[in-house]
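Trainee: Before anything else, here's the structure in question.
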Amino acid sequence: MIKKLVVNFLLLFISTSFLAQTATIKGVVKNVSGKNISNVSIHYLDTGSTTNSNGFYSIQLPENKQVTILFKHVSYVTVTKKITLKNNETKNLDIILNPKVQTIEEVQVKSHKNEAEGITGVKVETIQNLSSVNASIESTLKIIGLGTSSDNELSTQYKVRGGNYDENLVYVNGIEVYRPFLVRSGQQEGLSFVNVDMTQNVKFSSGGFQAKYGDKLSSVLDITYRKPTEFGVKAELSLLGASATVDGITKNKKTTALLGMRYRDNSLLIESKDTDINYKPRFIDIQSYFTHQINPKLSIDFLGTFSINDYNYVPTSRRTKFGSVQEPLELIVYYNGQEDDQYFTAFGALNAKYEINELWNFTITSSVFNTQEEEFFDIEALYALGAPDPDAGTEEYGETEFAEGIGSNLIHARNELDALIGNIQAKVSFQKDKNHFNFGIKYQLENIKNRLVEWEVIDSAGFSIRPPDHIPNEQPYEAFEGPIVPYQNLRASNSTDVQRFTAFAQWNRKGEWKEHQIWTSIGLRAHQWNLNTTNQVIFSPRVQFALKPDWDKDVLFRISGGRYVQPPFYKELRGSDGLVNEAVEAQKSIHIVLGTDYSFKMWDRPFKLVAEAYYKHITDVNPYTLDNVRLCYAADNNAEAYATGFDLRINGEFVPGTESWFSFSYLDTKENIDNQGYIPRPSDQRLKFSLLFQDYVPSIPQLKMYMNLVYNTGVPGGSPTYANPYDFQARLGDYKRVDLGIFYIFKDASKQAKQTWLAPFKEFSVGGEIFNMFDMQNAITNTWVRDVYSKRMYGVKNYMTGRIFNVKLKVAL
């Protein structure tokens with residue numbers, strides 16, 4: 001059905017392009033560097049058009065009559081051409097525009113569109129230069145994104161303003177992408193979906209985003225992959241993996257191809273943790289992006305990805321000291337068994353765009369996503385909980401003297417998931433004068449099959465610990481002859497089929513009030529979903545308003561908000577017992593954001609200060625627990641919550657010619673579960689300070705330094721299984737980390753080399769990186785250990801990676 005519909009649309013587009021029988025002039029407008037220029041005005045008398053995003057234009061002219069055509073752009077010198085065309089003649093005319101001598105004012109005015117929408121634009125070279133365990137777009141956002149944070153350097157996932165990992169929208173070329181379902185820890189994730197080396201534009205909003213984006217509560221990340229303009233090859237090699245990107249384009253410039261390949265090995269990172277393991281990871285990702293211009297009005301493109309994560313984990317032992325100076329403790333664990341996980345993901349999307357005229361655009365997109373995941377493990381842990389010798393004058397100093405608790409636990413899982421998600425969507429864009437209208441409709445079908453077989457047996461001093469909801473016993477004082485029941489036991493076989501219909505309408509306008517500039521956006525989304533016998537409908541109105549006063553200072557004010565909703569996805573439907581609750585409703589948030597942007601000069605260099613304050617009131621909350629990166633939902637709308645705070649960021653040329661970013665955030669988010677009172681949510685990270693700093697040696701400018709620093713206050717440490725979270729409100733320690741990279745640039749676009757061996761390369765650099773430079777111990781979760789004597793539960797911190805050294809080589813041909 002979907003395939004037939006797409007073919008009919010393509011035939012309609014192609015046939016339409018042959019109906020015109022009038023004289024036509026068309027071509028591409030470029031600058032002196034050969035880069036295509038969009039939004040160039042082409043007109044004669046009262047007739048006109050503009051170039052599209054690829055710099056292409058097409059305009060009809062009177063036959064057998066000389067006309068004067070003007071090619072105008074605010075940043076370039078106007079070009080005039082006199083043209084005479086014969087009957088039904090089509091003429092190709094490419095234009096090259098020279099830049100104006102002074103265009104700073106015009107460029108700054110144009111950039112205010114993103115500011116008015118609350119969008120942060122990130123340069124791709126900033127992401128590529130980031131020295132991080134995961135040098136990805138998401139890792140960059142953790143540092144420079146407003147209200148964005150994470151305490152897990154191994155994961156590309158992030159939290160925004162009190163939300164969780166599942167509350168963030170991610171788009172690539174306008175297509176929503178998904179993350180794995182069964183992943184428990186950051187070291188299992190491997191690679192981000194987004195390939196940085198294939199990326200052209202990055203836009204990010206921390207909240208209050210427009211109706212054209214989907215239904216999530218926290219944020220939206222909008223990625224656009226680039227279209228190659230020439231043949232090229234880029235490669236990167238390090239101790240953590242390798243990547244390569246190939247650009248291709250045909251001679252007639254109508255067809256382009258972009259191919260990216262990545263390989264990742266996390267062994268170096270895991271070896272720095274406090275658990276001794278044998279670890280064999282294999283993360284492979286291949287992506288392709290093809291575009292083809294069928295005719296001046298019709299273009300198609302295809303995005304395809306294929307990835308395999310093969311994770312084999314064999315722990316052997318662990319020693320972790322914790323407690324206080326007055327009461328030091330140590331956990332000693334010896335392991336038997338292994339974990340073997342596999343994640344296979346395939347994704348394909350076909351997009352067709354038809355430019356009806358300079359006012360109307362039509363786009364149709366169809367995509368299919370499939371993930372097949374296996375999580376198999378059998379691991380036995382024999383543990384002893386004791387007190388190290390605190391006397392520094394003895395030979396046994398630091399050694400565990402006696403055991404307060406001795407026991408073991410055995411965990412077993414045979415979990416499988418197969419998810420198939422297909423959709424088709426159509427969008428229409430209409431622009432007239434200063435008004436811009438967008439409409440869209442989407443149909444999505446989700447088929448998810450999930451088999452859960454997971455249990456845990458806990459043995460303490462020779463006696464099996466029964467779950468709290470079973471009849472207690474008085475062992476060892478009285479014999480117990482009942483069956484041995486696992487402490488946890490999940491067994492479920494779920495098959496869910498969900499149909500979703502979504503639609504949106506949005507109106508944007510840029511206008512003036514007296515001498516002031518005004519941006520307005522009003523939109524409405526509708527979302528209807530069917531799950532077996534359940535049928536629900538939800539609406540989401542959203543509004544944005546921005547004002548740039550006619551002041552000498554470059555200041556912009558904005559306010560945005562609305563009713564944001566998040567209909568449940570499969571993970572939110574599955575409760576702690578593994579079963580699907582079809583009655584789960586959408587979470588709803590009344591969201592308001594106040595913000596301002598101030599661009600200024602300091603030391604005769606450009607800077608920008610951004611400040612935002614926000615408040616969210618969330619109802620029908622689906623409570624969850626967080627273990628590393630695994631979210632386990634209650635599958636019940638039995639809570640309400642709020643989040644409030646403010647974010648500050650300043651970025652600019654603290655060092656001439658380089659851009660650095662400083663961010664600070666304050667957050668207060670709490671939830672009330674079953675009317676027990678408000679407690680901090682798992683994402684309640686009160687303070688965050690981050691820095692991304694770039695520098696170079698003035699006498700050796702090709703020697704460059706990239707440093708990122710993060711300081712986050714601690715989040716709640718979670719609670720043991722079956723425990724009431726209200727009884728466990730202790731927080732983890734503060735997250736502190738500094739990563740440093742030093743590179744020598746032998747050759748790039750700004751520095752040409754004289755050495756003959758560098759002649760084949762466009763870029764060549766080599767350097768070293770130090771991750772966690774000060775070897776700070778950062779905890780991600782607690783392992784809960786039971787003292788058999790006192791029956792007290794101890795939270796033993798699970799620490800992230802220590803100091804690691806890496807070397808990296810980057811080349812481009």
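As shown in the structure tokens, the chain order sets the letters A, B, ...; within each chain, residues go from 1, and ligands are also counted from 1 in the order they appear.
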Quick one: DSSP alpha helix (DSSP H) residues in stretch 142-254 of chain A, as a ChimeraX atom specification?
Mentor: /A:142-144,186-189
Trainee: Write out as a ChimeraX atom specification the set of residues from stretch 52-200 of chain A that DSSP, computed on the backbone, places in strand (DSSP E).
Mentor: /A:56-60,67-73,76-83,90-92,95-97,120-121,148-149,159-160,168-172,175-176,199-200
Trainee: Need the shell around A:Asn638: protein/DNA/RNA residues with any atom at most 7 Å away, counting only C-alpha atoms. Skip same-chain ones fewer than 5 positions apart. Format as number ranges by chain?
Mentor: A: 620-622, 673-674
Trainee: With all heavy atoms retained, write the just-selected residues as a PDB file, in the first residue's frame.
Mentor:
ATOM      1  N   ASP A 620      -0.363  13.152  35.292  1.00  0.00           N
ATOM      2  CA  ASP A 620      -0.417  11.770  34.783  1.00  0.00           C
ATOM      3  C   ASP A 620       0.994  11.206  34.596  1.00  0.00           C
ATOM      4  O   ASP A 620       1.299  10.543  33.602  1.00  0.00           O
ATOM      5  CB  ASP A 620      -1.196  11.703  33.459  1.00  0.00           C
ATOM      6  CG  ASP A 620      -2.668  11.991  33.651  1.00  0.00           C
ATOM      7  OD1 ASP A 620      -3.217  11.566  34.675  1.00  0.00           O
ATOM      8  OD2 ASP A 620      -3.265  12.666  32.787  1.00  0.00           O
ATOM      9  N   VAL A 621       1.852  11.484  35.582  1.00  0.00           N
ATOM     10  CA  VAL A 621       3.250  11.065  35.500  1.00  0.00           C
ATOM     11  C   VAL A 621       3.339   9.551  35.658  1.00  0.00           C
ATOM     12  O   VAL A 621       2.671   8.949  36.506  1.00  0.00           O
ATOM     13  CB  VAL A 621       4.089  11.775  36.581  1.00  0.00           C
ATOM     14  CG1 VAL A 621       5.505  11.211  36.638  1.00  0.00           C
ATOM     15  CG2 VAL A 621       4.108  13.272  36.322  1.00  0.00           C
ATOM     16  N   ASN A 622       4.181   8.954  34.837  1.00  0.00           N
ATOM     17  CA  ASN A 622       4.472   7.525  34.892  1.00  0.00           C
ATOM     18  C   ASN A 622       5.803   7.363  35.622  1.00  0.00           C
ATOM     19  O   ASN A 622       6.861   7.508  35.023  1.00  0.00           O
ATOM     20  CB  ASN A 622       4.562   6.969  33.464  1.00  0.00           C
ATOM     21  CG  ASN A 622       4.598   5.455  33.430  1.00  0.00           C
ATOM     22  OD1 ASN A 622       4.790   4.793  34.449  1.00  0.00           O
ATOM     23  ND2 ASN A 622       4.438   4.897  32.238  1.00  0.00           N
ATOM     24  N   ILE A 673       4.164  10.692  44.413  1.00  0.00           N
ATOM     25  CA  ILE A 673       3.664   9.377  44.005  1.00  0.00           C
ATOM     26  C   ILE A 673       2.597   8.911  44.980  1.00  0.00           C
ATOM     27  O   ILE A 673       2.844   8.825  46.193  1.00  0.00           O
ATOM     28  CB  ILE A 673       4.810   8.348  43.938  1.00  0.00           C
ATOM     29  CG1 ILE A 673       5.936   8.851  43.026  1.00  0.00           C
ATOM     30  CG2 ILE A 673       4.300   6.995  43.468  1.00  0.00           C
ATOM     31  CD1 ILE A 673       7.162   7.949  43.022  1.00  0.00           C
ATOM     32  N   ASP A 674       1.426   8.643  44.474  1.00  0.00           N
ATOM     33  CA  ASP A 674       0.317   8.135  45.301  1.00  0.00           C
ATOM     34  C   ASP A 674       0.059   9.015  46.524  1.00  0.00           C
ATOM     35  O   ASP A 674      -0.232   8.513  47.629  1.00  0.00           O
ATOM     36  CB  ASP A 674       0.594   6.694  45.745  1.00  0.00           C
ATOM     37  CG  ASP A 674       0.531   5.718  44.585  1.00  0.00           C
ATOM     38  OD1 ASP A 674      -0.262   5.961  43.655  1.00  0.00           O
ATOM     39  OD2 ASP A 674       1.296   4.738  44.591  1.00  0.00           O
TER      40      ASP A 674
END
Trainee: May I have the residues within 7 Å of stretch 247-264 of chain A as an MDAnalysis selection string, using only C-alpha atoms and disregarding those fewer than 6 positions away in the same chain?
Mentor: chainID A and resid 190 198 227:233 240:241 282:293
Trainee: Write a file of the just-selected residues containing C-alpha atoms, as a PDB file, in the first residue's frame.
Mentor:
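Saved the output as out14.pdb:
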ATOM      1  CA  GLY A 190      28.387   1.583  21.443  1.00  0.00           C
ATOM      2  CA  MET A 198      28.037  13.136   7.755  1.00  0.00           C
ATOM      3  CA  LYS A 227      24.964  16.863   0.380  1.00  0.00           C
ATOM      4  CA  PRO A 228      28.455  16.379  -1.091  1.00  0.00           C
ATOM      5  CA  THR A 229      29.719  19.027  -3.524  1.00  0.00           C
ATOM      6  CA  GLU A 230      32.846  17.135  -4.594  1.00  0.00           C
ATOM      7  CA  PHE A 231      34.584  13.789  -4.161  1.00  0.00           C
ATOM      8  CA  GLY A 232      36.349  13.389  -0.845  1.00  0.00           C
ATOM      9  CA  VAL A 233      37.453  10.938   1.824  1.00  0.00           C
ATOM     10  CA  LEU A 240      38.928   3.461  20.703  1.00  0.00           C
ATOM     11  CA  GLY A 241      38.067   2.669  17.094  1.00  0.00           C
ATOM     12  CA  ARG A 282      32.191  -5.038  18.776  1.00  0.00           C
ATOM     13  CA  PHE A 283      30.209  -2.008  17.644  1.00  0.00           C
ATOM     14  CA  ILE A 284      29.870  -1.506  13.887  1.00  0.00           C
ATOM     15  CA  ASP A 285      27.781   1.082  12.064  1.00  0.00           C
ATOM     16  CA  ILE A 286      27.296   1.768   8.319  1.00  0.00           C
ATOM     17  CA  GLN A 287      25.202   4.663   7.012  1.00  0.00           C
ATOM     18  CA  SER A 288      24.397   5.940   3.522  1.00  0.00           C
ATOM     19  CA  TYR A 289      22.677   9.067   2.252  1.00  0.00           C
ATOM     20  CA  PHE A 290      21.770   9.420  -1.448  1.00  0.00           C
ATOM     21  CA  THR A 291      20.130  12.388  -3.185  1.00  0.00           C
ATOM     22  CA  HIS A 292      18.909  12.836  -6.758  1.00  0.00           C
ATOM     23  CA  GLN A 293      17.478  15.907  -8.509  1.00  0.00           C
TER      24      GLN A 293
END
Trainee: I'd like to know which of A:Thr781, A:Asn168, A:Tyr633, A:Gly163 is closest to A:Asp668, using only C-alpha atoms.
Mentor: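 Of A:Thr781, A:Asn168, A:Tyr633, A:Gly163, the one nearest A:Asp668 is A:Gly163, counting only C-alpha atoms.
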Trainee: Compile the contact shell of A:Val29 as an mmCIF file with N, CA, C and O atoms, in the first residue's frame: residues with an atom at most 8 Å away, counting only C-alpha atoms, same-chain residues fewer than 4 positions apart removed.
Mentor:
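Just written: result-v2.cif:
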data_model
loop_
_atom_site.group_PDB
_atom_site.id
_atom_site.type_symbol
_atom_site.label_atom_id
_atom_site.label_comp_id
_atom_site.auth_asym_id
_atom_site.auth_seq_id
_atom_site.Cartn_x
_atom_site.Cartn_y
_atom_site.Cartn_z
ATOM 1 N N ASN A 36 26.799 26.860 -3.094
ATOM 2 C CA ASN A 36 25.455 27.256 -3.512
ATOM 3 C C ASN A 36 24.850 28.237 -2.506
ATOM 4 O O ASN A 36 25.042 28.103 -1.295
ATOM 5 N N ILE A 37 24.099 29.222 -3.012
ATOM 6 C CA ILE A 37 23.513 30.257 -2.160
ATOM 7 C C ILE A 37 21.996 30.123 -2.200
ATOM 8 O O ILE A 37 21.380 30.150 -3.265
ATOM 9 N N SER A 38 21.397 29.992 -1.032
ATOM 10 C CA SER A 38 19.937 29.917 -0.942
ATOM 11 C C SER A 38 19.355 31.308 -0.718
ATOM 12 O O SER A 38 20.062 32.258 -0.363
ATOM 13 N N VAL A 40 18.284 33.603 -2.703
ATOM 14 C CA VAL A 40 18.622 34.697 -3.624
ATOM 15 C C VAL A 40 17.348 35.106 -4.357
ATOM 16 O O VAL A 40 16.627 34.260 -4.896
ATOM 17 N N THR A 51 15.996 31.280 -4.880
ATOM 18 C CA THR A 51 16.716 30.007 -4.951
ATOM 19 C C THR A 51 16.359 29.147 -3.746
ATOM 20 O O THR A 51 16.098 29.654 -2.646
ATOM 21 N N GLY A 55 20.516 26.316 -3.909
ATOM 22 C CA GLY A 55 20.905 27.405 -4.791
ATOM 23 C C GLY A 55 20.248 27.362 -6.154
ATOM 24 O O GLY A 55 20.577 28.157 -7.042
ATOM 25 N N PHE A 56 19.272 26.452 -6.347
ATOM 26 C CA PHE A 56 18.644 26.292 -7.652
ATOM 27 C C PHE A 56 17.461 27.250 -7.813
ATOM 28 O O PHE A 56 16.737 27.532 -6.877
ATOM 29 N N TYR A 57 17.304 27.739 -9.057
ATOM 30 C CA TYR A 57 16.156 28.597 -9.352
ATOM 31 C C TYR A 57 15.597 28.242 -10.716
ATOM 32 O O TYR A 57 16.277 27.641 -11.563
ATOM 33 N N ASP A 94 23.917 29.782 -14.979
ATOM 34 C CA ASP A 94 24.458 29.766 -13.631
ATOM 35 C C ASP A 94 25.064 31.130 -13.309
ATOM 36 O O ASP A 94 25.722 31.743 -14.153
ATOM 37 N N ILE A 95 24.857 31.583 -12.091
ATOM 38 C CA ILE A 95 25.275 32.918 -11.676
ATOM 39 C C ILE A 95 26.267 32.813 -10.515
ATOM 40 O O ILE A 95 26.092 31.991 -9.610
ATOM 41 N N ILE A 96 27.307 33.663 -10.560
ATOM 42 C CA ILE A 96 28.270 33.753 -9.454
ATOM 43 C C ILE A 96 28.155 35.141 -8.844
ATOM 44 O O ILE A 96 28.262 36.154 -9.541
ATOM 45 N N LEU A 97 27.915 35.190 -7.515
ATOM 46 C CA LEU A 97 27.775 36.448 -6.803
ATOM 47 C C LEU A 97 29.027 36.735 -5.975
ATOM 48 O O LEU A 97 29.588 35.833 -5.352
#
Trainee: Hey, what's within 9 Å of A:Ile270 if we count only C-alpha atoms and toss same-chain stuff fewer than 6 positions away? As a ChimeraX atom specification, please?
Mentor: /A:187,276-277,279,800-801
Trainee: Could I get the residues of stretch 352-441 of chain A with an atom no further than 12 Å from an atom of stretch 562-575 of chain A, each paired with its nearest atom pair and that distance in Å to one decimal, using only C-alpha atoms, sorted by chain and residue number, as CSV?
Mentor:
residue,atom,partner,partner_atom,distance
A:Leu417,CA,A:Tyr570,CA,11.1
A:Asp418,CA,A:Tyr570,CA,11.7
A:Ala419,CA,A:Tyr570,CA,9.6
A:Leu420,CA,A:Tyr570,CA,11.7
A:Ile421,CA,A:Tyr570,CA,11.4
Trainee: Atom CA of A:Leu579 and atom CA of A:Asp310, how far apart in Å?
Mentor: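 Interatomic distance, atom CA of A:Asp310 to atom CA of A:Leu579: 27.2 Å.
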Trainee: How far is it from atom CA of A:Lys588 to atom CA of A:Asp222, in Å with one decimal?
Mentor: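 The value is 22.5 Å.
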Trainee: With distances taken over only C-alpha atoms, which residue among A:Asn581, A:Gln128, A:Asn266, A:Ser150 lies nearest A:Gln200?
Mentor: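 Closest to A:Gln200, using only C-alpha atoms: A:Gln128.
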Trainee: Give the answer as one residue: which of A:Tyr711, A:Gly118, A:Lys353, A:Ser408 has the shortest atom-to-atom distance to A:Ile294, using only C-alpha atoms?
Mentor: A:Lys353
Trainee: Taking only C-alpha atoms into account, name the residue in A:Asn435, A:Asn447, A:Ser41, A:Ser683 that is nearest to A:Lys159.
Mentor: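 Selected residue with least distance to A:Lys159: A:Ser683.
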Trainee: Can you list, as a short mmCIF file (atom, residue, chain, number, x, y, z; two decimals) with N, CA, C and O atoms, in the first residue's frame, every protein, DNA or RNA residue that comes within 10 Å of A:His617 when you count only C-alpha atoms, leaving out same-chain residues fewer than 4 positions away?
Mentor:
data_model
loop_
_atom_site.label_atom_id
_atom_site.label_comp_id
_atom_site.auth_asym_id
_atom_site.auth_seq_id
_atom_site.Cartn_x
_atom_site.Cartn_y
_atom_site.Cartn_z
N ARG A 563 0.99 23.19 25.99
CA ARG A 563 0.66 21.91 26.63
C ARG A 563 1.39 20.82 25.85
O ARG A 563 1.00 20.48 24.73
N LYS A 588 1.43 14.57 30.64
CA LYS A 588 1.07 15.91 30.16
C LYS A 588 1.83 16.97 30.95
O LYS A 588 1.99 16.84 32.17
N SER A 589 2.28 18.01 30.26
CA SER A 589 3.08 19.05 30.90
C SER A 589 2.65 20.42 30.40
O SER A 589 2.59 20.65 29.19
N ILE A 590 2.34 21.30 31.34
CA ILE A 590 2.17 22.72 31.03
C ILE A 590 3.55 23.36 31.18
O ILE A 590 4.13 23.36 32.26
N HIS A 591 4.06 23.90 30.09
CA HIS A 591 5.46 24.31 30.02
C HIS A 591 5.53 25.78 29.60
O HIS A 591 4.89 26.17 28.62
N ILE A 592 6.31 26.56 30.33
CA ILE A 592 6.52 27.96 29.96
C ILE A 592 8.02 28.26 30.08
O ILE A 592 8.68 27.85 31.03
N GLU A 640 2.25 13.08 40.10
CA GLU A 640 2.36 14.38 39.46
C GLU A 640 3.72 14.96 39.84
O GLU A 640 4.33 14.54 40.84
N ALA A 641 4.21 15.92 39.04
CA ALA A 641 5.56 16.42 39.26
C ALA A 641 5.68 17.85 38.77
O ALA A 641 4.78 18.38 38.10
N TYR A 642 6.80 18.45 39.13
CA TYR A 642 7.11 19.77 38.59
C TYR A 642 8.61 19.86 38.38
O TYR A 642 9.41 19.11 38.97
N ALA A 643 9.01 20.80 37.52
CA ALA A 643 10.43 21.11 37.30
C ALA A 643 10.53 22.61 37.07
O ALA A 643 9.76 23.18 36.28
N THR A 644 11.48 23.23 37.75
CA THR A 644 11.69 24.66 37.58
C THR A 644 13.18 24.94 37.71
O THR A 644 13.91 24.20 38.39
N THR A 669 13.43 19.62 40.66
CA THR A 669 12.34 18.81 40.14
C THR A 669 11.96 17.74 41.16
O THR A 669 12.82 17.05 41.70
#
Trainee: Could you tell me which of A:Ile448, A:Leu237, A:Ala116, A:Leu382 comes closest to A:Val555 if we count only C-alpha atoms?
Mentor: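 Looking at the shortest contact to A:Val555, the residue is A:Ala116.
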Trainee: If you measure from atom CA of A:Gly348 to atom CA of A:Phe501, what distance in Å do you get, rounded to one decimal?
Mentor: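 Answer for the atom CA of A:Gly348 to atom CA of A:Phe501 separation: 20.4 Å.
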